[in-house]
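The structure appears below as structure tokens.
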Protein chains: 2
Amino acid sequence: MTKTSYTAAIIVIGNEILSGRTKDLNLGWLGEQLNLRGIRVKEARFIADDEAAIIDTVNDLRTKHSYVFTTGGIGPTHDDITASCIAKAFERPFEENPEARALLQEYYGDRLNEARLRMAKLPKGAELISNPVSAAPGIKIDNVYVMAGIPKIMQAMFHSVADTLIGGQVVQSIAIDCHFGEGDIAPGLTKIQSRHPDVEIGSYPACKPGDIAVSIILRHSDAPLLKAVAGEVQNMLDDLENKKTVTSGC
Amino acid sequence: MTKTSYTAAIIVIGNEILSGRTKDLNLGWLGEQLNLRGIRVKEARFIADDEAAIIDTVNDLRTKHSYVFTTGGIGPTHDDITASCIAKAFERPFEENPEARALLQEYYGDRLNEARLRMAKLPKGAELISNPVSAAPGIKIDNVYVMAGIPKIMQAMFHSVADTLIGGQVVQSIAIDCHFGEGDIAPGLTKIQSRHPDVEIGSYPACKPGDIAVSIILRHSDAPLLKAVAGEVQNMLDDLENKKTVTSGC
């Protein structure tokens with residue numbers, strides 16, 4: 001870990017994700033995007049559209065991480081309660097934001113009814129996050145970024161703020177695939193890991209019948225170090241190959 | 001909520017999920033499977049291969065829910081630390097389990113090396129969860145089920161224990177799709193929700209350009225009630241249709 005390490009937590013809000021009806025696409029996308037900016041996602045919580053759960057989770061995570069990103073629950077219907085919960089989490093008034101109202105007015109024109117105006121009600125003092133897809137903005141308060149749940153809108157909102165995010169050194173990775181079983185490479189990997197405790201070495205089996213493949217993933221911000229460790233891994237795999245070890249299974 | 005309500009929490013363990021490199025498939029699958037058995041997933045936590053995080057999360061959630069299911073981190077390599085963390089969470093010795101060793105011996109034969117034997121080290125007194133795919137078992141201690149991260153193996157493990165899970169009334173759902181914007185249906189939905197506070201009414205926009213579709217999902221264990229509420233929703237949509245409300249946007 002570098003001294004300037006930046007971490008993030010993701011909060012995915014929505015009953016439909018927990019029931020399995022809607023499959024989440026946001027965590028993986030945000031993990032990749034934040035990683036590219038030197039920000040490490042350390043944890044994610046998936047919670048229901050439940051006021052206490054949202055307030056408690058936001059307040060727990062915003063003190064532990066450099067950034068918190070929430071997705072879901074900011075639309076015009078009765079089950080969209082994220083914005084009001086964020087106001088409660090920060091103990092701020094929840095009131096109509098003139099700037100947000102103007103954005104909605106421009107987008108919806110005479111279709112701007114009371115329900116859609118709910119999307120202009122925001123915690124007092126929140127900064128708006130631009131939504132180039134469907135106008136209704138996300139919000140930022142302190143280190144908490146509140147975004148839509150629909151992936152396309154969430155991604156557009158993220159890109160609206162991405163340039164303002166401060167990250168540390170970007171963690172780079174090298175992937176080495178092999179056809180050995182995990183149990184065969186484990187002794188060598190353990191030795192390499194103990195020689196380089198700072199390098200994150202992960203072993204991810206595919207376990208497909210007849211095609212035993214393990215991806216060994218090395219992660220660190222120091223590219224030359226990473227390359228050197230990758231060399232050690234490759235040597236270890238070459239040694240196994242030369243021993244013609246028979247392998248199958250995971 | 002019925003008086004006999006059964007809840008579950010899912011813990012997805014793995015750096016590779018948080019970095020976005022591997023996309024999780026387990027939460028949605030488990031959500032659906034548990035729902036079918038009258039067990040509601042109330043929350044999920046995605047955490048790193050980090051001892052303190054695993055121990056704290058397991059101990060936090062196992063007191064709050066009827067069931068906790070973990071996925072990931074039970075293989076033979078150095079980064080597979082879930083089983084030892086579970087032993088620490090339950091303050092039990094972590095030792096070789098003879099039954100697990102026998103399963104591995106049978107599967108691996110003379111390829112059963114020290115690394116693979118790590119998968120026989122389990123918290124003392126844990127029950128084994130059968131793994132018909134690759135032998136190395138999952139474990140159950142009290143209400144905590146520890147399973148593999150690879151979806152195919154996790155699913156096989158879940159099916160090994162599924163018949164032993166006790167659930168409540170199965171929550172049923174009715175989906176009603178419409179071509180109105182969320183902001184158009186919101187007033188009517190809010191009224192229906194206030195008449196039926198026990199029925200979970202969710203509104204999920206697709207927001208595809210030129211194809212505004214919202215799915216209204218009604219959920220409750222009482223099928224006749226659900227059907228009656230679906231009738232009210234359909235009437236509300238028919239009224240909107242008759243008013244020929246022009247809609248676009250989310």
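Residue numbers start at 1 in each chain; chains themselves are named A, B, ... in the order of the structure tokens; ligands are numbered from 1 in the order shown.
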* Asked: Using only C-alpha atoms, which chain B residues lie at most 8 Å away from chain A, written as a PyMOL selection string?
  -> chain B and resi 16-24+27-32+35+40-48+75-79+108+111+113+115-116+134+150+182-187+189-190+201-203+205-206+247+249-250
Let's have the selection written as a PDB file, in the first residue's frame, with C-alpha atoms.
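Saved file out_29.pdb follows:
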```pdb
ATOM      1  CA  GLU B  16     -11.200  -9.862  -7.952  1.00  0.00           C
ATOM      2  CA  ILE B  17     -14.878  -8.969  -7.586  1.00  0.00           C
ATOM      3  CA  LEU B  18     -14.161  -5.554  -6.051  1.00  0.00           C
ATOM      4  CA  SER B  19     -11.603  -4.694  -8.727  1.00  0.00           C
ATOM      5  CA  GLY B  20     -14.215  -5.418 -11.372  1.00  0.00           C
ATOM      6  CA  ARG B  21     -12.050  -8.043 -13.042  1.00  0.00           C
ATOM      7  CA  THR B  22     -14.504 -10.817 -12.216  1.00  0.00           C
ATOM      8  CA  LYS B  23     -18.186  -9.986 -12.355  1.00  0.00           C
ATOM      9  CA  ASP B  24     -20.240 -11.537  -9.588  1.00  0.00           C
ATOM     10  CA  LEU B  27     -25.789 -12.784  -5.552  1.00  0.00           C
ATOM     11  CA  GLY B  28     -28.550 -12.715  -8.149  1.00  0.00           C
ATOM     12  CA  TRP B  29     -28.687 -16.487  -8.397  1.00  0.00           C
ATOM     13  CA  LEU B  30     -28.866 -16.940  -4.634  1.00  0.00           C
ATOM     14  CA  GLY B  31     -31.469 -14.182  -4.345  1.00  0.00           C
ATOM     15  CA  GLU B  32     -33.744 -16.034  -6.732  1.00  0.00           C
ATOM     16  CA  ASN B  35     -36.817 -16.332  -2.651  1.00  0.00           C
ATOM     17  CA  ARG B  40     -35.646 -13.064   1.775  1.00  0.00           C
ATOM     18  CA  VAL B  41     -32.149 -11.728   1.038  1.00  0.00           C
ATOM     19  CA  LYS B  42     -32.056  -8.524   3.074  1.00  0.00           C
ATOM     20  CA  GLU B  43     -28.491  -7.462   2.389  1.00  0.00           C
ATOM     21  CA  ALA B  44     -25.249  -8.481   0.741  1.00  0.00           C
ATOM     22  CA  ARG B  45     -21.705  -7.470   1.467  1.00  0.00           C
ATOM     23  CA  PHE B  46     -18.841  -7.697  -0.967  1.00  0.00           C
ATOM     24  CA  ILE B  47     -15.512  -7.740   0.831  1.00  0.00           C
ATOM     25  CA  ALA B  48     -11.842  -8.338   0.089  1.00  0.00           C
ATOM     26  CA  GLY B  75      -9.479 -23.144  -2.542  1.00  0.00           C
ATOM     27  CA  PRO B  76      -5.935 -24.456  -2.055  1.00  0.00           C
ATOM     28  CA  THR B  77      -3.867 -21.311  -2.658  1.00  0.00           C
ATOM     29  CA  HIS B  78      -2.441 -18.767  -0.222  1.00  0.00           C
ATOM     30  CA  ASP B  79      -5.198 -16.245  -1.004  1.00  0.00           C
ATOM     31  CA  TYR B 108      -7.205 -36.478  -6.167  1.00  0.00           C
ATOM     32  CA  ARG B 111      -2.107 -35.839  -6.678  1.00  0.00           C
ATOM     33  CA  ASN B 113      -0.384 -32.721  -2.148  1.00  0.00           C
ATOM     34  CA  ALA B 115      -1.614 -27.495  -0.902  1.00  0.00           C
ATOM     35  CA  ARG B 116      -4.752 -29.471  -1.739  1.00  0.00           C
ATOM     36  CA  SER B 134     -14.607 -30.907  -7.458  1.00  0.00           C
ATOM     37  CA  ILE B 150     -17.026 -20.403  -8.832  1.00  0.00           C
ATOM     38  CA  GLU B 182     -42.286   6.792 -14.285  1.00  0.00           C
ATOM     39  CA  GLY B 183     -43.340  10.350 -13.576  1.00  0.00           C
ATOM     40  CA  ASP B 184     -46.741   9.687 -15.157  1.00  0.00           C
ATOM     41  CA  ILE B 185     -47.547   6.576 -13.181  1.00  0.00           C
ATOM     42  CA  ALA B 186     -46.065   7.841  -9.906  1.00  0.00           C
ATOM     43  CA  PRO B 187     -49.193   9.615  -8.563  1.00  0.00           C
ATOM     44  CA  LEU B 189     -48.844   4.139  -7.820  1.00  0.00           C
ATOM     45  CA  THR B 190     -48.406   6.201  -4.664  1.00  0.00           C
ATOM     46  CA  ILE B 201     -44.683  -2.065  -5.153  1.00  0.00           C
ATOM     47  CA  GLY B 202     -41.563  -1.313  -7.163  1.00  0.00           C
ATOM     48  CA  SER B 203     -41.201   0.749 -10.299  1.00  0.00           C
ATOM     49  CA  PRO B 205     -37.679   2.071 -15.659  1.00  0.00           C
ATOM     50  CA  ALA B 206     -35.763   0.743 -18.628  1.00  0.00           C
ATOM     51  CA  THR B 247     -45.073  10.670 -22.346  1.00  0.00           C
ATOM     52  CA  GLY B 249     -38.324  10.335 -20.766  1.00  0.00           C
ATOM     53  CA  CYS B 250     -37.975   8.410 -17.549  1.00  0.00           C
TER      54      CYS B 250
END
```
* Identify, with DSSP run on backbone atoms, the residues in region 73-160 of chain B assigned to strand (DSSP E or B), and express the list as a list in words. => Phe94, Glu95, Glu96, Lys121, Leu122, Pro123, Glu127, Leu128, Ile129, Gly138, Ile139, Lys140, Ile141, Val144, Tyr145, Val146 and Met147 of chain B
* Expressed in Å to a single decimal, how great is the separation between CA of Glu51 (chain B) and CA of Ala87 (chain B)? ->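 Distance between the two atoms: 11.1 Å.
Residue nearest Ala228 (chain A) within the list A:Met147, A:Cys178, A:Ile192, A:Val161: A:Ile192 [criterion: smallest interatomic distance, only C-alpha atoms].
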* Between CA of Glu91 (chain B) and CA of Ile55 (chain B) - distance in Å to one decimal -> 10.2 Å
* Asked: If you measure from CA of Ala156 (chain A) to CA of Pro137 (chain A), what distance in Å do you get, rounded to one decimal?
  ->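 Separation between CA of Ala156 (chain A) and CA of Pro137 (chain A): 10.6 Å.
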* Long-range neighbours of Ile86 (chain A) as a PyMOL selection string, 12 Å cut-off, only C-alpha atoms, 6 positions minimum in chain -> chain A and resi 50-59+62+68-70+73-74+80+92-94+121-126+138-142+144-147
Just write the chosen residues, N, CA and C atoms, as a JSON list (two decimals), in the first residue's frame.
```
[["chain", "number", "residue", "atom", "x", "y", "z"],
["A", 50, "ASP", "N", -34.76, 0.77, 2.08],
["A", 50, "ASP", "CA", -35.17, 0.79, 3.47],
["A", 50, "ASP", "C", -34.45, 1.95, 4.15],
["A", 51, "GLU", "N", -35.26, 2.86, 4.73],
["A", 51, "GLU", "CA", -34.68, 4.11, 5.23],
["A", 51, "GLU", "C", -33.54, 3.89, 6.24],
["A", 52, "ALA", "N", -33.80, 3.07, 7.24],
["A", 52, "ALA", "CA", -32.77, 2.86, 8.27],
["A", 52, "ALA", "C", -31.51, 2.25, 7.67],
["A", 53, "ALA", "N", -31.70, 1.28, 6.76],
["A", 53, "ALA", "CA", -30.54, 0.62, 6.15],
["A", 53, "ALA", "C", -29.71, 1.63, 5.35],
["A", 54, "ILE", "N", -30.37, 2.49, 4.60],
["A", 54, "ILE", "CA", -29.64, 3.46, 3.77],
["A", 54, "ILE", "C", -28.89, 4.45, 4.66],
["A", 55, "ILE", "N", -29.56, 5.00, 5.64],
["A", 55, "ILE", "CA", -28.93, 5.99, 6.52],
["A", 55, "ILE", "C", -27.74, 5.38, 7.26],
["A", 56, "ASP", "N", -27.95, 4.23, 7.87],
["A", 56, "ASP", "CA", -26.88, 3.60, 8.65],
["A", 56, "ASP", "C", -25.69, 3.23, 7.78],
["A", 57, "THR", "N", -25.98, 2.70, 6.59],
["A", 57, "THR", "CA", -24.88, 2.25, 5.73],
["A", 57, "THR", "C", -24.07, 3.43, 5.22],
["A", 58, "VAL", "N", -24.75, 4.48, 4.80],
["A", 58, "VAL", "CA", -24.03, 5.67, 4.32],
["A", 58, "VAL", "C", -23.17, 6.26, 5.43],
["A", 59, "ASN", "N", -23.75, 6.39, 6.61],
["A", 59, "ASN", "CA", -22.99, 7.00, 7.71],
["A", 59, "ASN", "C", -21.84, 6.12, 8.19],
["A", 62, "ARG", "N", -19.05, 6.33, 5.02],
["A", 62, "ARG", "CA", -18.45, 7.60, 4.59],
["A", 62, "ARG", "C", -17.31, 8.05, 5.50],
["A", 68, "VAL", "N", -17.58, 7.40, -1.23],
["A", 68, "VAL", "CA", -18.71, 6.47, -1.23],
["A", 68, "VAL", "C", -19.56, 6.78, -2.45],
["A", 69, "PHE", "N", -19.90, 5.75, -3.21],
["A", 69, "PHE", "CA", -20.78, 5.92, -4.36],
["A", 69, "PHE", "C", -22.03, 5.08, -4.12],
["A", 70, "THR", "N", -23.20, 5.72, -4.25],
["A", 70, "THR", "CA", -24.43, 4.94, -4.16],
["A", 70, "THR", "C", -25.07, 4.88, -5.53],
["A", 73, "GLY", "N", -32.48, 4.29, -6.60],
["A", 73, "GLY", "CA", -33.47, 4.90, -5.72],
["A", 73, "GLY", "C", -33.61, 6.40, -5.80],
["A", 74, "ILE", "N", -33.27, 7.01, -6.97],
["A", 74, "ILE", "CA", -33.41, 8.47, -7.04],
["A", 74, "ILE", "C", -34.41, 8.91, -8.11],
["A", 80, "ASP", "N", -38.58, 5.46, -4.46],
["A", 80, "ASP", "CA", -37.29, 6.14, -4.62],
["A", 80, "ASP", "C", -37.04, 7.02, -3.40],
["A", 92, "ARG", "N", -29.45, 17.19, 7.14],
["A", 92, "ARG", "CA", -29.70, 18.44, 6.40],
["A", 92, "ARG", "C", -31.17, 18.53, 6.02],
["A", 93, "PRO", "N", -31.69, 19.72, 5.84],
["A", 93, "PRO", "CA", -33.06, 19.86, 5.33],
["A", 93, "PRO", "C", -33.17, 19.23, 3.94],
["A", 94, "PHE", "N", -34.36, 18.72, 3.64],
["A", 94, "PHE", "CA", -34.63, 18.09, 2.34],
["A", 94, "PHE", "C", -35.61, 19.01, 1.63],
["A", 121, "LYS", "N", -36.19, 17.62, -5.25],
["A", 121, "LYS", "CA", -36.04, 17.71, -3.79],
["A", 121, "LYS", "C", -34.76, 17.00, -3.38],
["A", 122, "LEU", "N", -33.86, 17.77, -2.77],
["A", 122, "LEU", "CA", -32.51, 17.26, -2.49],
["A", 122, "LEU", "C", -32.06, 17.75, -1.12],
["A", 123, "PRO", "N", -31.05, 17.12, -0.57],
["A", 123, "PRO", "CA", -30.50, 17.63, 0.68],
["A", 123, "PRO", "C", -29.95, 19.04, 0.45],
["A", 124, "LYS", "N", -30.19, 19.93, 1.39],
["A", 124, "LYS", "CA", -29.72, 21.31, 1.27],
["A", 124, "LYS", "C", -28.21, 21.36, 1.11],
["A", 125, "GLY", "N", -27.76, 22.14, 0.14],
["A", 125, "GLY", "CA", -26.33, 22.33, -0.05],
["A", 125, "GLY", "C", -25.65, 21.26, -0.86],
["A", 126, "ALA", "N", -26.42, 20.28, -1.34],
["A", 126, "ALA", "CA", -25.81, 19.24, -2.17],
["A", 126, "ALA", "C", -25.36, 19.82, -3.50],
["A", 138, "GLY", "N", -27.85, 13.58, -10.19],
["A", 138, "GLY", "CA", -27.33, 12.95, -8.98],
["A", 138, "GLY", "C", -26.86, 14.03, -8.02],
["A", 139, "ILE", "N", -26.38, 13.65, -6.88],
["A", 139, "ILE", "CA", -25.87, 14.65, -5.94],
["A", 139, "ILE", "C", -24.57, 14.19, -5.28],
["A", 140, "LYS", "N", -23.81, 15.19, -4.87],
["A", 140, "LYS", "CA", -22.58, 14.96, -4.13],
["A", 140, "LYS", "C", -22.66, 15.76, -2.83],
["A", 141, "ILE", "N", -22.45, 15.09, -1.71],
["A", 141, "ILE", "CA", -22.30, 15.80, -0.43],
["A", 141, "ILE", "C", -21.04, 15.25, 0.21],
["A", 142, "ASP", "N", -20.12, 16.15, 0.55],
["A", 142, "ASP", "CA", -18.83, 15.72, 1.08],
["A", 142, "ASP", "C", -18.23, 14.65, 0.16],
["A", 144, "VAL", "N", -19.65, 11.70, -0.55],
["A", 144, "VAL", "CA", -20.70, 10.76, -0.96],
["A", 144, "VAL", "C", -21.32, 11.19, -2.29],
["A", 145, "TYR", "N", -21.28, 10.28, -3.26],
["A", 145, "TYR", "CA", -21.80, 10.53, -4.60],
["A", 145, "TYR", "C", -23.04, 9.66, -4.80],
["A", 146, "VAL", "N", -24.17, 10.31, -5.04],
["A", 146, "VAL", "CA", -25.45, 9.61, -5.12],
["A", 146, "VAL", "C", -25.87, 9.56, -6.59],
["A", 147, "MET", "N", -25.95, 8.36, -7.12],
["A", 147, "MET", "CA", -26.17, 8.23, -8.56],
["A", 147, "MET", "C", -27.37, 7.33, -8.86]]
```
* To do: Excluding region 170-177 of chain B and residues on its chain fewer than 5 positions from it, collect all residues at most 6 Å away from it, counting only C-alpha atoms, and give them as a count of residues only.
  => 9
* Asked: Could you pull out the helix (DSSP H, G or I) residues of region 93-133 of chain B from DSSP and send them as a ChimeraX atom specification?
  -> /B:98-111,114-120
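Using only C-alpha atoms, the shortest contact distance between Asp238 (chain B) and any of B:Glu127, B:Phe180, B:Thr7, B:Gly167 is found at B:Phe180.
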